[in-house]
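Visitor: Below you'll find the structure I mean.
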Amino acid sequence: MTSEPSETRDAPSSAVPSTKLLRHPERSISGDIADILARSKVAHVGIVENGWPVVIPMTYAFNPETPNVLYIHGSQLARILGGAAASARACVTVTELSGLVYSKTALNHSMIYRSVIAFGTMRVVDDAETKGDVLRRMIGRYFDGRTEGRDFSAPTPEHLNMTKMVAIDVEAWSAKSRAHGAAGPGDDDPTVPGTSGVKPV
């Protein structure tokens with residue numbers, strides 16, 4: 001993994017967008033990337049289709065043992081997965097939201113969050129063993145304690161054939177957080193009219 005721009009597989013002359021934080025660089029938390037991906041539940045996956053950006057919220061699989069790869073899956077006809085055969089580029093954003101910040105000024109309402117943005121190249125996963133293993137890992141991540149054979153049946157070859165699985169090989173990413181509460185003018189001054197604080201999510 002790298003947080004610096006690198007070249008993509010399908011277009012060696014085209015650099016991955018910069019992952020450098022231009023606004024609030026002090027909020028960079030690159031060391032938290034694996035933890036955020038392991039704890040979060042929804043990935044917004046973006047591609048370009050016919051010149052238009054398309055972003056779809058999806059479940060995903062992340063394995064700390066192979067941190068450069070994210071897995072997504074869906075129907076064989078799913079539009080977000082259609083570019084995988086052509087090694088399409090993708091942008092993945094994962095956000096862990098823990099609080100909504102309200103301020104005495106409209107401008108300073110905000111959130112407490114950690115997020116990851118990743119740029120990578122999509123590829124189709126055809127190997128049945130890998131597909132089955134990824135599905136089991138996803139079930140275990142989203143439903144702690146569920147056991148194959150007791151709570152659900154193993155994926156059949158028919159089900160695996162119906163499922164399109166795509167790996168996103170990550171080439172560059174960054175992580176950012178906002179961890180503090182209200183910090184607008186007067187938010188810490190009880191003599192200033194209005195209310196401020198954090199609403200947990």
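Residue numbers start at 1 in each chain; chains themselves are named A, B, ... in the order of the structure tokens; ligands are numbered from 1 in the order shown.
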Select from stretch 136-200 of chain A every residue with an atom at most 12 Å from any atom of stretch 16-20 of chain A, then for each give the shortest pair of atoms and their distance in Å to one decimal, using only C-alpha atoms, rows by chain and rising number, as CSV.
Guide:
residue,atom,partner,partner_atom,distance
A:Val170,CA,A:Val16,CA,10.3
A:Glu171,CA,A:Val16,CA,7.6
A:Ala172,CA,A:Thr19,CA,6.9
A:Trp173,CA,A:Thr19,CA,5.9
A:Ser174,CA,A:Thr19,CA,5.6
A:Ala175,CA,A:Thr19,CA,8.8
A:Lys176,CA,A:Lys20,CA,10.4
Visitor: Would you kindly return, as a list in words, each protein, DNA or RNA residue with an atom no farther than 6 Å from any atom of stretch 83-96 of chain A, considering only C-alpha atoms and excluding same-chain residues fewer than 6 positions away?
Guide: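 After dropping sequence-adjacent residues, the list is Ser40, Ala43, His44, Val45, Gly46, Ile47, Tyr113, Arg114, Ser115, Val116, Ile117, Ala118, Phe119, Gly120, Thr121, Met122, Arg123 and Val124 of chain A.
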Visitor: Please save N, CA and C atoms of the selected residues as a PDB file, in the first residue's frame.
Guide:
ATOM      1  N   SER A  40     -15.791  -0.860   9.880  1.00  0.00           N
ATOM      2  CA  SER A  40     -16.892  -0.235   9.156  1.00  0.00           C
ATOM      3  C   SER A  40     -17.715  -1.266   8.390  1.00  0.00           C
ATOM      4  N   ALA A  43     -19.249   0.401   2.149  1.00  0.00           N
ATOM      5  CA  ALA A  43     -18.298   1.042   1.243  1.00  0.00           C
ATOM      6  C   ALA A  43     -19.083   1.677   0.099  1.00  0.00           C
ATOM      7  N   HIS A  44     -18.816   2.937  -0.176  1.00  0.00           N
ATOM      8  CA  HIS A  44     -19.379   3.583  -1.358  1.00  0.00           C
ATOM      9  C   HIS A  44     -18.370   3.420  -2.490  1.00  0.00           C
ATOM     10  N   VAL A  45     -18.763   2.638  -3.495  1.00  0.00           N
ATOM     11  CA  VAL A  45     -17.867   2.295  -4.600  1.00  0.00           C
ATOM     12  C   VAL A  45     -18.234   3.137  -5.806  1.00  0.00           C
ATOM     13  N   GLY A  46     -17.253   3.849  -6.343  1.00  0.00           N
ATOM     14  CA  GLY A  46     -17.492   4.727  -7.473  1.00  0.00           C
ATOM     15  C   GLY A  46     -16.737   4.310  -8.714  1.00  0.00           C
ATOM     16  N   ILE A  47     -17.413   4.343  -9.850  1.00  0.00           N
ATOM     17  CA  ILE A  47     -16.794   4.100 -11.148  1.00  0.00           C
ATOM     18  C   ILE A  47     -17.304   5.176 -12.108  1.00  0.00           C
ATOM     19  N   TYR A 113     -15.912  11.583  12.909  1.00  0.00           N
ATOM     20  CA  TYR A 113     -15.829  10.457  11.982  1.00  0.00           C
ATOM     21  C   TYR A 113     -14.374  10.032  11.760  1.00  0.00           C
ATOM     22  N   ARG A 114     -14.234   8.852  11.176  1.00  0.00           N
ATOM     23  CA  ARG A 114     -12.985   8.394  10.565  1.00  0.00           C
ATOM     24  C   ARG A 114     -13.350   7.874   9.174  1.00  0.00           C
ATOM     25  N   SER A 115     -12.530   8.158   8.190  1.00  0.00           N
ATOM     26  CA  SER A 115     -12.858   7.715   6.838  1.00  0.00           C
ATOM     27  C   SER A 115     -11.607   7.294   6.083  1.00  0.00           C
ATOM     28  N   VAL A 116     -11.833   6.439   5.098  1.00  0.00           N
ATOM     29  CA  VAL A 116     -10.772   5.968   4.199  1.00  0.00           C
ATOM     30  C   VAL A 116     -11.219   6.212   2.768  1.00  0.00           C
ATOM     31  N   ILE A 117     -10.330   6.714   1.952  1.00  0.00           N
ATOM     32  CA  ILE A 117     -10.585   6.792   0.514  1.00  0.00           C
ATOM     33  C   ILE A 117      -9.484   6.005  -0.181  1.00  0.00           C
ATOM     34  N   ALA A 118      -9.885   5.132  -1.101  1.00  0.00           N
ATOM     35  CA  ALA A 118      -8.933   4.247  -1.773  1.00  0.00           C
ATOM     36  C   ALA A 118      -9.154   4.286  -3.278  1.00  0.00           C
ATOM     37  N   PHE A 119      -8.063   4.229  -4.019  1.00  0.00           N
ATOM     38  CA  PHE A 119      -8.104   4.157  -5.478  1.00  0.00           C
ATOM     39  C   PHE A 119      -7.502   2.826  -5.895  1.00  0.00           C
ATOM     40  N   GLY A 120      -8.196   2.122  -6.797  1.00  0.00           N
ATOM     41  CA  GLY A 120      -7.681   0.829  -7.213  1.00  0.00           C
ATOM     42  C   GLY A 120      -8.245   0.381  -8.543  1.00  0.00           C
ATOM     43  N   THR A 121      -7.852  -0.811  -8.933  1.00  0.00           N
ATOM     44  CA  THR A 121      -8.259  -1.404 -10.200  1.00  0.00           C
ATOM     45  C   THR A 121      -9.064  -2.665  -9.933  1.00  0.00           C
ATOM     46  N   MET A 122     -10.166  -2.812 -10.641  1.00  0.00           N
ATOM     47  CA  MET A 122     -11.068  -3.941 -10.441  1.00  0.00           C
ATOM     48  C   MET A 122     -10.647  -5.140 -11.280  1.00  0.00           C
ATOM     49  N   ARG A 123     -10.870  -6.323 -10.729  1.00  0.00           N
ATOM     50  CA  ARG A 123     -10.660  -7.562 -11.489  1.00  0.00           C
ATOM     51  C   ARG A 123     -11.676  -8.598 -11.036  1.00  0.00           C
ATOM     52  N   VAL A 124     -12.096  -9.437 -11.961  1.00  0.00           N
ATOM     53  CA  VAL A 124     -13.067 -10.482 -11.666  1.00  0.00           C
ATOM     54  C   VAL A 124     -12.380 -11.632 -10.936  1.00  0.00           C
TER      55      VAL A 124
END
Visitor: Could you find all residues in stretch 132-198 of chain A that DSSP calls strand (DSSP E) from the backbone, and write them as a ChimeraX atom specification?
Guide: /A:163-178,197-198
Visitor: Within 10 Å of A:Val201, counting only C-alpha atoms, which residues qualify if same-chain residues fewer than 3 places away don't, as a PyMOL selection string?
Guide: chain A and resi 97-100+111-112+198
Visitor: Which residues are near A:Leu160? Cut-off 12 Å, only C-alpha atoms, ignore same chain within fewer than 5 positions. Put them as a list in words.
Guide: His73, Gly74, Ser75, Gln76, Val125, Asp126, Asp127, Ala128, Glu129, Thr130, Lys131, Gly132, Asp133, Val134, Leu135, Ala154, Pro155 and Met165 of chain A
Visitor: Next, the residues of the selection above should be written as a CSV table (one decimal), in the first residue's frame with N, CA and C atoms.
Guide:
chain,number,residue,atom,x,y,z
A,73,HIS,N,-19.2,-7.9,-4.1
A,73,HIS,CA,-19.9,-8.9,-4.9
A,73,HIS,C,-21.4,-8.5,-5.1
A,74,GLY,N,-22.0,-9.2,-6.1
A,74,GLY,CA,-23.4,-8.9,-6.3
A,74,GLY,C,-23.9,-9.8,-7.5
A,75,SER,N,-25.0,-9.4,-8.1
A,75,SER,CA,-25.5,-10.1,-9.2
A,75,SER,C,-24.5,-10.0,-10.4
A,76,GLN,N,-24.6,-11.0,-11.3
A,76,GLN,CA,-23.8,-11.0,-12.5
A,76,GLN,C,-24.1,-9.8,-13.4
A,125,VAL,N,-13.0,-12.2,-9.9
A,125,VAL,CA,-12.6,-13.3,-9.2
A,125,VAL,C,-13.4,-14.5,-9.6
A,126,ASP,N,-12.8,-15.5,-10.4
A,126,ASP,CA,-13.5,-16.6,-10.9
A,126,ASP,C,-13.3,-17.9,-10.0
A,127,ASP,N,-12.3,-17.9,-9.2
A,127,ASP,CA,-11.9,-19.1,-8.5
A,127,ASP,C,-13.0,-19.4,-7.4
A,128,ALA,N,-13.6,-20.5,-7.5
A,128,ALA,CA,-14.8,-20.9,-6.6
A,128,ALA,C,-14.3,-20.9,-5.1
A,129,GLU,N,-13.1,-21.4,-4.9
A,129,GLU,CA,-12.6,-21.5,-3.5
A,129,GLU,C,-12.5,-20.2,-2.9
A,130,THR,N,-11.9,-19.2,-3.7
A,130,THR,CA,-11.7,-17.9,-3.2
A,130,THR,C,-13.0,-17.2,-2.9
A,131,LYS,N,-14.0,-17.4,-3.9
A,131,LYS,CA,-15.3,-16.8,-3.7
A,131,LYS,C,-16.0,-17.3,-2.5
A,132,GLY,N,-15.9,-18.6,-2.2
A,132,GLY,CA,-16.6,-19.1,-1.1
A,132,GLY,C,-15.9,-18.6,0.2
A,133,ASP,N,-14.6,-18.6,0.2
A,133,ASP,CA,-13.9,-18.1,1.4
A,133,ASP,C,-14.2,-16.6,1.7
A,134,VAL,N,-14.3,-15.8,0.7
A,134,VAL,CA,-14.6,-14.4,0.9
A,134,VAL,C,-16.0,-14.3,1.4
A,135,LEU,N,-17.0,-15.0,0.9
A,135,LEU,CA,-18.4,-14.9,1.4
A,135,LEU,C,-18.5,-15.4,2.8
A,154,ALA,N,-23.5,-24.0,3.4
A,154,ALA,CA,-22.4,-23.6,2.6
A,154,ALA,C,-22.8,-23.1,1.2
A,155,PRO,N,-22.1,-22.2,0.6
A,155,PRO,CA,-22.5,-21.8,-0.8
A,155,PRO,C,-22.3,-22.9,-1.8
A,165,MET,N,-18.0,-11.8,-8.2
A,165,MET,CA,-17.2,-11.3,-7.2
A,165,MET,C,-16.0,-10.5,-7.8
Visitor: For each of A:Asn50, A:Phe62, A:Thr156, A:Leu77, take the minimum atom-to-atom distance to A:Ile33, counting only C-alpha atoms, then give the residue where this is smallest.
Guide: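 The closest residue to A:Ile33 is A:Phe62.
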Visitor: So how many Å separate atom CA of A:Ser177 and atom CA of A:Gly197, to one decimal?
Guide: 17.8 Å
Visitor: Would you list the contacts of A:Ser196 as JSON, numbers by chain, taking every protein, DNA or RNA residue within 7 Å and counting only C-alpha atoms, but skipping same-chain residues closer than 3 positions in sequence?
Guide: {"A": [102, 103, 104, 182, 187]}
Visitor: To one decimal place, how far is atom CA of A:Gly82 from atom CA of A:Asn68 in Å?
Guide: 21.2 Å
Visitor: Write out as number ranges by chain the set of residues from stretch 19-101 of chain A that DSSP, computed on the backbone, places in helix (DSSP H, G or I).
Guide: A: 25-27, 30-39, 79-86
Visitor: Give me, please, the distance in Å between atom CA of A:Gly186 and atom CA of A:Ser110, quoted to one decimal.
Guide: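 Straight-line distance from atom CA of A:Gly186 to atom CA of A:Ser110 works out to 15.5 Å.
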Visitor: Tell me which of A:Glu158, A:Asp32, A:Val166, A:Thr66 sits closest to A:Ile80, counting only C-alpha atoms.
Guide: A:Val166
